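*Asks:* Dumping the structure here so I can ask a few things about it.
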Amino acid sequence: MDLQEFHRQLQSDVIALAGGGGSGDDHGQRTREEAFTEIVAEDLSIAGVLESPLVYYYEGGAKTGGFKVNGFSIPEEDSRLDLFITLYFADANVQKINSADVAKAFARLKRFFKSAQFSVFVESLEPNSEAYAMASEIHANRASFERVQLLIFSNAVLASRKDAENEETLNSYKLVYQIWDLERLRRLRTSSAIHEPISVDLTQFVPGGIPCVSSIDVALGYKTCLALLPGNVLYKLYDDYAGRLLELNVRSYLQARGKINKGILETLTLNPLRFLAYNNGITVVAESLEFSKDGLRIQTIHGLQIVNGGQTTASIHRAKIDQDVDISHVYVQAKLTVVPQEHFETMVTDISRFSNTQNKVSEVDLGANHPYHIGVERLSRRQWAPGEKSMWFYERARGSYQTERFRQGRTDASRKKFDVQYPPNQRFTKEDLARFHNTWVGLPHIVSKGGQKNFVRFMEEIAKIKKGWEPTVAEFKIIVGKAIFYREVQRIARELDISSFRVNIVTYTASLIAERTARRINLEKLWEMQGVPAVLETLIKTWMPEVSKILVASVGSRNPTEWFKLEGCWTTLRSATRDWTVPAELGGDLTNIEVDGKMVSTGEANDIALCMELTAEDWFRVQMWGSTTHKLEGWQIGIANTLSGYAGTGWKKRPSIKQARHGVKIMELYKIEQAEN
């Protein structure tokens, strides 16, 4: 795919995400800029460059000393801050950015970071704004940062590649500059790789390279080497690349909480000379290796990824940083496997599965190759939307949409045919799917934690699905129905010009509506309509501004970003809106419930549906809680026991209207108690 074609496709994605809004005015430009930023931030999150990035816009200050920030990220374990700024152009043709543009953008980011060091600046910002949330979190964590990564996102092309990356020191901080321009984004999107390749020159650490023993059977289709890596090499790699070293679908680092991590730290601190004897070593995959002329030393590793040993690597880094451990005599045994590019993703997954022994890697950690995602992808390529003119494209592997579009579309006519069959607004990723589902089931606080953590939570739910599974057509329609519902809420948020904390307000509004309708919105009807009915659209428009007010008011003195990630925030919203009811007119768009052969009212049906969402174990847990805490009356404990019995039979008998009404109140008491604890 050439650059101009990629640019057109990316612009289509931006317009689809922005809802088609913006005809060149300032508001439209800002909307598309935010959409572009969201797309790039998610791509870099998937690639491991960023961790749970938040797209928060702020621009201010004088012209010669102004700030502009489009978002930030604070990885949990990397002692690092990421700040990014967007240079977006709405032009149909590819634009260029030069050294002056780059310098100006980085200067604006740098000024914001320097200003956020001072409480007087943070306090000058509007309370509960995105700018305040971003600056206050940076200010609160400033002492923990060692490395600050400043990134430019742009849909223009960098005129000079020498401007692409740079480093400097600011006080005690190491500043690293990166530019993700159109060309670099194209390589990332169209490579079908799951990471941004890392190349390491080992001769910088050990003159001549690192000694190794290599396999020589080229018929195997791969090459494996054994080597001893100096601890300083792993320290430097982690310091420079952190989470990018670690294959996306394997846990990067679980902190020093389990006995394995504590043991690693203890050995490094008290007996570093015996680290080689005690540690199991690491497993590394690479796209290629360069050797010395005699073939006995590895000099360069291209496309390096650590698939087992992330804890070891991060622990060495932590020991050096936090406890100033002398790691000059620490060595780690390493198995390096060169994997052909065409088999890279599949083999990395298998190596991850079979080589991890220190902490078991479950299918949850192996992401894209999980049977669930493979099954959804298969059906998405066969199932036409109503009217049989288009399909919903499930992008299981990053970049597969562009790859397939290029493969099928060698000419303008064939590309147009592909775009009709798979419109950009009907493409959804596995991260999108997790976001749609967790919003629907009432986990907006989990969705607010960002794509990676939200995806892990979703994977835990589907972990038991076995190889060969495929959704039924009805199940696929429900999956897409959730997508339509979420994206309509998203579109309306842009239409209402809800700019601050929009991601959070969208997921909380959608979750609240899903709960108040007891998840009875007829998702198959949304599939048939490829949209939402007018009554539901009106409800979204009515509730969303009020949800926004409640969420912002509930923040208090807390950092908004962190507050939205807590279940207490969700409990607060649900409590504040307890008296809200959905309009009776929506009843025709909800799935029906019968009791004793008779249709029940919307409110009664909602109560019954909410009770039936809990399993027998859930109701038993509620029953035991009520008994041990004395928070429930005897008759309430009896209802919980009865409902547990009904659930145990697969709800062959539904709750009566009276049982359901009391059951919902019991559930509320239980949830409030759990949130407080």
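Residue numbers start at 1 in each chain; chains themselves are named A, B, ... in the order of the structure tokens; ligands are numbered from 1 in the order shown.
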For A:Leu54, list every protein, DNA or RNA residue within 8 Å, evaluated using only C-alpha atoms, and leave out those in the same chain fewer than 3 positions away; present the list as a list in words.
*Replies:*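 Skipping anything fewer than 3 positions along the chain leaves Gly71, Phe72, Ser73 and Gly450 of chain A.
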*Asks:* Go ahead and save the picked residues with C-alpha atoms, as a PDB file, in the first residue's frame.
*Replies:*
ATOM      1  CA  GLY A  71      -2.877  13.145  25.916  1.00  0.00           C
ATOM      2  CA  PHE A  72      -0.666  11.247  28.309  1.00  0.00           C
ATOM      3  CA  SER A  73       0.120   7.864  29.771  1.00  0.00           C
ATOM      4  CA  GLY A 450      -7.823   1.839  29.272  1.00  0.00           C
TER       5      GLY A 450
END
*Asks:* Going by DSSP on the backbone, which residues of stretch 487-618 of chain A come out as helix (DSSP H, G or I)? List them as a PyMOL selection string.
*Replies:* chain A and resi 487-495+502-516+523-529+534-555+560-563+567-576+584-589+602-612+616-618
*Asks:* Got a sec to tell me which of stretch 365-510 of chain A DSSP assigns to strand (DSSP E), as a ChimeraX atom specification?
*Replies:* /A:393-395,427-429
*Asks:* Env of A:Leu336: 8 Å cut, atoms = only C-alpha atoms, seq-sep filter 5 positions within chain, self excluded. Answer as a VMD selection string.
*Replies:* chain A and resid 224 to 227 283 to 286
*Asks:* Which residues, written as an MDAnalysis selection string, have at least one atom at most 8 Å from A:Lys541, with only C-alpha atoms counted and residues fewer than 3 positions away on the same chain left out?
*Replies:* chainID A and resid 492 496 537:538 544:545
*Asks:* Kindly export the residues of the current selection with N, CA and C atoms, as a PDB file, in the first residue's frame.
*Replies:*
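Output (selection-v1.pdb):
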ATOM      1  N   ILE A 492     -23.337  10.527  19.617  1.00  0.00           N
ATOM      2  CA  ILE A 492     -24.165  11.551  20.249  1.00  0.00           C
ATOM      3  C   ILE A 492     -23.328  12.422  21.181  1.00  0.00           C
ATOM      4  N   LEU A 496     -23.244  16.380  20.923  1.00  0.00           N
ATOM      5  CA  LEU A 496     -23.558  17.265  22.051  1.00  0.00           C
ATOM      6  C   LEU A 496     -22.353  18.086  22.492  1.00  0.00           C
ATOM      7  N   GLU A 537     -32.442   6.923  20.985  1.00  0.00           N
ATOM      8  CA  GLU A 537     -31.558   8.053  20.683  1.00  0.00           C
ATOM      9  C   GLU A 537     -31.925   9.258  21.547  1.00  0.00           C
ATOM     10  N   THR A 538     -33.208   9.513  21.683  1.00  0.00           N
ATOM     11  CA  THR A 538     -33.658  10.625  22.527  1.00  0.00           C
ATOM     12  C   THR A 538     -33.264  10.403  23.980  1.00  0.00           C
ATOM     13  N   MET A 544     -27.316  11.786  28.830  1.00  0.00           N
ATOM     14  CA  MET A 544     -25.872  11.978  28.809  1.00  0.00           C
ATOM     15  C   MET A 544     -25.411  13.289  29.477  1.00  0.00           C
ATOM     16  N   PRO A 545     -26.015  14.437  29.197  1.00  0.00           N
ATOM     17  CA  PRO A 545     -25.562  15.653  29.889  1.00  0.00           C
ATOM     18  C   PRO A 545     -25.707  15.564  31.404  1.00  0.00           C
TER      19      PRO A 545
END
*Asks:* Residues within 8 Å of A:Leu379, please, as a list of chain:residue names. Count only C-alpha atoms; anything in the same chain fewer than 2 positions from it doesn't count.
*Replies:*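 Non-adjacent residues within range: A:Gly375, A:Val376, A:Glu377, A:Arg381, A:Arg382, A:Gln383, A:Glu470, A:Pro471, A:Val473, A:Phe476.
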*Asks:* Using only C-alpha atoms, which residues sit within 9 Å of A:Leu643 once same-chain residues fewer than 3 positions away are excluded, as a list in words?
*Replies:*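 In the requested form, the answer reads Cys611, Met612, Ala616, Trp619, Phe620, Gly638, Ile639, Ala640, Tyr646, Ala647, Gly648, Trp651, Arg654, Pro655, Gln659, Ala660 and Gly663 of chain A.
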*Asks:* Please determine, counting only C-alpha atoms, which residue among A:His445, A:Lys223, A:Arg108, A:Lys96 has the shortest atom-to-atom distance to A:Asn70.
*Replies:* A:Arg108
*Asks:* Residues near stretch 576-588 of chain A, anyone? I mean within 8 Å using only C-alpha atoms, not counting same-chain ones fewer than 2 positions away, as a PyMOL selection string.
*Replies:* chain A and resi 516-517+535-536+539+550+572-574+590-591+602
*Asks:* What's the separation between atom CA of A:Ile465 and atom CA of A:Phe393, in Å to one decimal place?
*Replies:* 21.5 Å
*Asks:* Tell me, in Å to one decimal, how far atom CA of A:Pro197 is from atom CA of A:Ile264.
*Replies:*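 Atom CA of A:Ile264 lies at a distance of 27.8 Å from atom CA of A:Pro197.
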*Asks:* Which one of A:Phe84, A:Tyr56, A:Phe455, A:Tyr241 sits closest to A:Pro560 if you count only C-alpha atoms?
*Replies:* A:Tyr56
